[in-house]
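Visitor: Got a structure for you, written out below as structure tokens; questions coming shortly.
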Amino acid sequence: MADRQRQWPAGNDRVPYWIYTDQDIYQRELERIFRGPTWSYVGLDCEIPNAGDYKRTTIGDRSIIVVRDEHGGVNAMINRCAHRGVQLCQQDKGSVDEFMCPYHQWTYDLAGNLLGIPFQRGVKGKGGMPGNFVSGDHGLETVRVQGRNGGIFATLSDGTPDLETYLGDPILGYYDRIFDGRALRLLGHSRQRIGGNWKLMLENIKDTHHASLLHVFFVTFGLFRVDNDSRIEMDPSGLHTALSSIRGKQELNDGTAQMKSFHGEMELNDPRLLDTVREFPGDQTVVMQTIWPNLILQQQSNTLATRQIVPKGPEAFELHWTFFGYETDDEDMTARRLRQANLMGPAGLVSIDDGQIIERTQNGIRPNPEAQGIVELGGRDTVDTDHMVTEVALRAFYQGYRKVMGL
């Protein structure tokens, strides 16, 4: 790509399409974002409850092992043997006493320290490692990790501030609203691969008005519409966003009259699907958070989930869903969370639309890298708002993205 094509248009109300397709841009993202001073979400405490429990996850393009040690702490290591670079773990999760490389059986403890290697002293007096070989110098490459109230984050950079400073106001408050210190209960996982640029998933959440046009279910039953009482709040960088909303009614009004997706006559065969119980401070029935660079933290009615974004090159990503509740939930609340989870996930009554539309977006962008997206709805500013008829969160996001990327 010629340098002239990499010049960002003036202002924050245009987004050049080459940021979704260009391999060089993607490599810069891996370096400056995922290997830079950011906290990437890597899992939940309840996924690794016992000593030796681990999960395999990803930061950018790097495979990571997150494991509970014998002292109850959480460690994170690069999934790469110090000997010849072989990936230690291929399974997504499991429980072990130690990690052993399948190639040459170098063995590590739950903190990544090298425990031993075959033939270190040779066989029958021949071969073996040099006498000055020090096992302590050849452990797994460790990764900084920090947890807060059940969420686990890791960073590849020594320059990343503590998680609380990184999230800042008001995002930390919204984070603590869901992760409030109660022990979490794992309810299930789902996973999908989407043929689009990874940033389009973050955009999809920050794009607050599309739900009133694309999602028939949201629009019809008032779960998430632009005529609902809503707020869009961002951290100073513009990269983190919290969108909150209060459920509306299935009624024809000034807003729904402009929504072709609204169906006033539609009914549910099982109304329990939308049986919502208030459980958090405030009246918000929806809070969708995008935590830079790879986490969507959602409360939709009573279903709770994290979505981890895993880039797979400039034109594909995986979305890893983890549904959860609290250990204090009774059977009725757990059943409610699971019923409402049918709105979400790869085949959810709502989220299936997003996967399809992101792929159609990528298909439209791919042959036209020189074109630009328009993000003028609601003006050109980048400040918090009390409504959703705006693209302010997108403008703020790309203002922060440009700064990180040096564009």
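Going through the structure tokens in order, the chains are called A, B, and so on, while each chain numbers its residues from 1 and the ligands are numbered from 1 in the order shown.
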Where does DSSP see strand (DSSP E) in range 246-396 of chain A, if you list the residues as a ChimeraX atom specification?
Guide: /A:286-291,295-300,303-311,317-326,372-374
Visitor: Output C-alpha atoms of each residue in that selection to a file, as a PDB file, in the first residue's frame.
Guide:
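What landed in result-v2.pdb:
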ATOM      1  CA  VAL A 286     -28.637  -3.440  29.580  1.00  0.00           C
ATOM      2  CA  VAL A 287     -25.009  -2.513  30.133  1.00  0.00           C
ATOM      3  CA  MET A 288     -22.583  -3.285  27.317  1.00  0.00           C
ATOM      4  CA  GLN A 289     -18.934  -2.545  27.967  1.00  0.00           C
ATOM      5  CA  THR A 290     -16.085  -2.612  25.472  1.00  0.00           C
ATOM      6  CA  ILE A 291     -12.774  -2.855  27.317  1.00  0.00           C
ATOM      7  CA  LEU A 295     -13.213  -7.693  25.849  1.00  0.00           C
ATOM      8  CA  ILE A 296     -16.948  -7.158  25.621  1.00  0.00           C
ATOM      9  CA  LEU A 297     -18.570  -7.439  29.056  1.00  0.00           C
ATOM     10  CA  GLN A 298     -22.341  -7.657  28.852  1.00  0.00           C
ATOM     11  CA  GLN A 299     -25.407  -7.568  31.023  1.00  0.00           C
ATOM     12  CA  GLN A 300     -28.503  -8.102  28.872  1.00  0.00           C
ATOM     13  CA  THR A 303     -27.808 -12.985  31.211  1.00  0.00           C
ATOM     14  CA  LEU A 304     -24.144 -12.207  31.847  1.00  0.00           C
ATOM     15  CA  ALA A 305     -21.253 -12.969  29.542  1.00  0.00           C
ATOM     16  CA  THR A 306     -17.793 -12.027  28.447  1.00  0.00           C
ATOM     17  CA  ARG A 307     -16.833 -12.048  24.784  1.00  0.00           C
ATOM     18  CA  GLN A 308     -13.137 -12.361  24.061  1.00  0.00           C
ATOM     19  CA  ILE A 309     -12.008 -11.146  20.636  1.00  0.00           C
ATOM     20  CA  VAL A 310      -9.175 -13.221  19.149  1.00  0.00           C
ATOM     21  CA  PRO A 311      -7.735 -11.749  15.900  1.00  0.00           C
ATOM     22  CA  PHE A 317     -11.385 -13.268  14.180  1.00  0.00           C
ATOM     23  CA  GLU A 318     -12.777 -15.682  16.725  1.00  0.00           C
ATOM     24  CA  LEU A 319     -15.299 -14.663  19.348  1.00  0.00           C
ATOM     25  CA  HIS A 320     -15.127 -16.691  22.561  1.00  0.00           C
ATOM     26  CA  TRP A 321     -18.256 -16.370  24.726  1.00  0.00           C
ATOM     27  CA  THR A 322     -18.230 -17.273  28.426  1.00  0.00           C
ATOM     28  CA  PHE A 323     -21.601 -17.218  30.207  1.00  0.00           C
ATOM     29  CA  PHE A 324     -21.608 -16.910  33.980  1.00  0.00           C
ATOM     30  CA  GLY A 325     -23.638 -16.188  37.090  1.00  0.00           C
ATOM     31  CA  TYR A 326     -22.881 -16.076  40.806  1.00  0.00           C
ATOM     32  CA  GLN A 372     -14.066   5.633   3.706  1.00  0.00           C
ATOM     33  CA  GLY A 373     -16.775   5.003   6.278  1.00  0.00           C
ATOM     34  CA  ILE A 374     -18.942   7.902   7.470  1.00  0.00           C
TER      35      ILE A 374
END
Visitor: Skipping near chain neighbours, those fewer than 4 positions away, what residues fall within 7 Å of range 59-74 of chain A using only C-alpha atoms, listed as a list in words?
Guide: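 The filter keeps Leu30, Phe34, Ser40, Ile48, Asn50, Ala51, Gly52, Asp53, Tyr54, Lys55, Ile78, Asn79, Leu110, Ala111, Val310 and Pro311 of chain A.
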Visitor: Residues of range 5-124 of chain A that approach range 165-181 of chain A to 12 Å or less, counting only C-alpha atoms: could you list each one with the shortest pair of atoms and its distance in Å to one decimal, rows by chain and increasing residue number, as a tab-separated table?
Guide:
residue	atom	partner	partner_atom	distance
A:Pro37	CA	A:Tyr166	CA	9.3
A:Thr38	CA	A:Tyr166	CA	7.8
A:Trp39	CA	A:Tyr166	CA	7.7
A:Ser40	CA	A:Tyr166	CA	11.0
A:Leu44	CA	A:Phe179	CA	10.3
A:Asp45	CA	A:Phe179	CA	11.1
Visitor: Within 8 Å of range 354-366 of chain A, counting only C-alpha atoms, which residues show up once you throw out same-chain ones fewer than 5 positions away? Write them as a list in words, please.
Guide: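 The neighbour list is Tyr17, Tyr20, Thr21, Ile194, Gly195, Gly196, Asn197, Leu200, Met201, Asn204, Glu315, Pro346 and Ala371 of chain A.
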Visitor: Just how far from CA of Ser230 in chain A is CA of Leu274 in chain A, in Å to one decimal?
Guide: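 Distance reported for this atom pair: 19.4 Å.
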Visitor: Please tabulate, as CSV, the residues of range 286-336 of chain A that come within 12 Å of range 22-29 of chain A, each with its closest pair of atoms and the distance in Å to one decimal, counting only C-alpha atoms and ordering rows by chain, then residue number upward.
Guide:
residue,atom,partner,partner_atom,distance
A:Pro293,CA,A:Glu29,CA,10.2
A:Pro311,CA,A:Tyr26,CA,9.3
A:Lys312,CA,A:Tyr26,CA,9.8
A:Gly313,CA,A:Tyr26,CA,6.9
A:Pro314,CA,A:Tyr26,CA,5.6
A:Glu315,CA,A:Asp22,CA,8.9
A:Ala316,CA,A:Tyr26,CA,11.2
Visitor: Do you know which residues are at most 7 Å from range 392-405 of chain A counting only C-alpha atoms, after dropping those on the same chain fewer than 6 positions away, and could you put them as a ChimeraX atom specification?
Guide: /A:12-13,32,203,206-207,237-239,375,378,381-383
Visitor: Tell me which protein, DNA and RNA residues are within 12 Å of Met333 in chain A, counting only C-alpha atoms, leaving out same-chain ones fewer than 6 positions away, and put them as JSON, numbers by chain.
Guide: {"A": [185, 187, 272, 275, 276, 277, 278, 279, 301, 302, 303, 304, 324, 325, 326, 327, 339, 340]}
Visitor: From the set A:Gly151, A:Gln192, A:Arg80, A:Ala183, which residue has the shortest atom-to-atom contact distance to His138 in chain A, counting only C-alpha atoms?
Guide: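 Distance minimum relative to His138 in chain A lands on A:Arg80.
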Visitor: Name the residues of range 176-295 of chain A that come out as helix (DSSP H, G or I) in a backbone DSSP run; write them as an mmCIF file with N, CA and C atoms, in the first residue's frame.
Guide:
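Listed below is the output, out_5.cif:
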data_model
loop_
_atom_site.group_PDB
_atom_site.id
_atom_site.type_symbol
_atom_site.label_atom_id
_atom_site.label_comp_id
_atom_site.auth_asym_id
_atom_site.auth_seq_id
_atom_site.Cartn_x
_atom_site.Cartn_y
_atom_site.Cartn_z
ATOM 1 N N ASP A 176 -17.039 -3.060 38.100
ATOM 2 C CA ASP A 176 -17.308 -3.538 39.453
ATOM 3 C C ASP A 176 -18.794 -3.754 39.703
ATOM 4 N N ARG A 177 -19.627 -3.170 38.898
ATOM 5 C CA ARG A 177 -21.065 -3.409 39.023
ATOM 6 C C ARG A 177 -21.396 -4.872 38.727
ATOM 7 N N ILE A 178 -20.721 -5.452 37.735
ATOM 8 C CA ILE A 178 -20.928 -6.866 37.390
ATOM 9 C C ILE A 178 -20.007 -7.757 38.217
ATOM 10 N N LYS A 199 -11.668 -5.383 14.631
ATOM 11 C CA LYS A 199 -12.177 -4.103 15.148
ATOM 12 C C LYS A 199 -13.669 -3.934 14.868
ATOM 13 N N LEU A 200 -14.174 -4.628 13.850
ATOM 14 C CA LEU A 200 -15.598 -4.520 13.534
ATOM 15 C C LEU A 200 -16.463 -5.051 14.673
ATOM 16 N N MET A 201 -15.932 -5.977 15.472
ATOM 17 C CA MET A 201 -16.701 -6.472 16.612
ATOM 18 C C MET A 201 -16.799 -5.418 17.698
ATOM 19 N N LEU A 202 -15.700 -4.732 17.973
ATOM 20 C CA LEU A 202 -15.749 -3.624 18.926
ATOM 21 C C LEU A 202 -16.672 -2.522 18.410
ATOM 22 N N GLU A 203 -16.564 -2.217 17.138
ATOM 23 C CA GLU A 203 -17.437 -1.200 16.532
ATOM 24 C C GLU A 203 -18.905 -1.566 16.700
ATOM 25 N N ASN A 204 -19.207 -2.836 16.526
ATOM 26 C CA ASN A 204 -20.589 -3.282 16.565
ATOM 27 C C ASN A 204 -21.255 -2.939 17.892
ATOM 28 N N ILE A 205 -20.496 -3.013 18.991
ATOM 29 C CA ILE A 205 -21.042 -2.662 20.293
ATOM 30 C C ILE A 205 -21.086 -1.150 20.467
ATOM 31 N N LYS A 206 -20.067 -0.453 20.000
ATOM 32 C CA LYS A 206 -20.013 0.997 20.130
ATOM 33 C C LYS A 206 -20.997 1.685 19.178
ATOM 34 N N ALA A 211 -28.746 -1.379 16.554
ATOM 35 C CA ALA A 211 -29.638 -2.368 17.167
ATOM 36 C C ALA A 211 -31.104 -2.036 16.917
ATOM 37 N N SER A 212 -31.413 -0.755 16.723
ATOM 38 C CA SER A 212 -32.791 -0.337 16.474
ATOM 39 C C SER A 212 -33.210 -0.551 15.020
ATOM 40 N N LEU A 213 -32.285 -1.004 14.205
ATOM 41 C CA LEU A 213 -32.561 -1.199 12.786
ATOM 42 C C LEU A 213 -32.314 -2.636 12.342
ATOM 43 N N LEU A 214 -31.328 -3.277 12.916
ATOM 44 C CA LEU A 214 -30.938 -4.621 12.493
ATOM 45 C C LEU A 214 -31.640 -5.721 13.280
ATOM 46 N N VAL A 216 -34.440 -7.430 15.003
ATOM 47 C CA VAL A 216 -35.901 -7.466 15.137
ATOM 48 C C VAL A 216 -36.312 -7.750 16.578
ATOM 49 N N PHE A 217 -35.611 -8.650 17.243
ATOM 50 C CA PHE A 217 -35.984 -9.037 18.600
ATOM 51 C C PHE A 217 -35.812 -7.865 19.563
ATOM 52 N N PHE A 218 -34.673 -7.201 19.514
ATOM 53 C CA PHE A 218 -34.444 -6.050 20.385
ATOM 54 C C PHE A 218 -35.488 -4.961 20.147
ATOM 55 N N VAL A 219 -35.716 -4.666 18.876
ATOM 56 C CA VAL A 219 -36.613 -3.573 18.519
ATOM 57 C C VAL A 219 -38.036 -3.863 18.973
ATOM 58 N N THR A 220 -38.520 -5.052 18.651
ATOM 59 C CA THR A 220 -39.918 -5.386 18.911
ATOM 60 C C THR A 220 -40.240 -5.412 20.392
ATOM 61 N N PHE A 221 -39.371 -6.007 21.186
ATOM 62 C CA PHE A 221 -39.681 -6.186 22.601
ATOM 63 C C PHE A 221 -39.050 -5.121 23.494
ATOM 64 N N THR A 256 -40.186 3.960 17.260
ATOM 65 C CA THR A 256 -40.489 2.691 16.600
ATOM 66 C C THR A 256 -41.182 2.899 15.258
ATOM 67 N N ALA A 257 -41.837 4.038 15.078
ATOM 68 C CA ALA A 257 -42.475 4.329 13.788
ATOM 69 C C ALA A 257 -41.448 4.434 12.668
ATOM 70 N N GLN A 258 -40.181 4.702 13.016
ATOM 71 C CA GLN A 258 -39.119 4.826 12.012
ATOM 72 C C GLN A 258 -38.303 3.535 11.869
ATOM 73 N N PRO A 271 -43.195 -16.463 27.406
ATOM 74 C CA PRO A 271 -42.821 -15.134 27.914
ATOM 75 C C PRO A 271 -41.700 -15.164 28.943
ATOM 76 N N ARG A 272 -41.403 -16.347 29.491
ATOM 77 C CA ARG A 272 -40.327 -16.432 30.481
ATOM 78 C C ARG A 272 -38.978 -16.024 29.899
ATOM 79 N N LEU A 273 -38.858 -16.042 28.582
ATOM 80 C CA LEU A 273 -37.604 -15.652 27.949
ATOM 81 C C LEU A 273 -37.205 -14.227 28.342
ATOM 82 N N LEU A 274 -38.204 -13.378 28.568
ATOM 83 C CA LEU A 274 -37.932 -11.985 28.915
ATOM 84 C C LEU A 274 -38.335 -11.658 30.350
#
Visitor: What is the distance, in Å and to one decimal place, between CA of Asn132 in chain A and CA of Leu88 in chain A?
Guide: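 The value is 25.6 Å.
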Visitor: In terms of the shortest atom-to-atom distance over only C-alpha atoms, which of A:Arg144, A:Leu186, A:Asp97, A:Trp292 is closest to Glu47 in chain A?
Guide: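 Using only C-alpha atoms, Glu47 in chain A sits closest to A:Leu186.
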Visitor: Quick one: distance from CA of Phe280 in chain A to CA of Met388 in chain A in Å, one decimal?
Guide: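 That distance, rounded to one decimal, is 21.8 Å.
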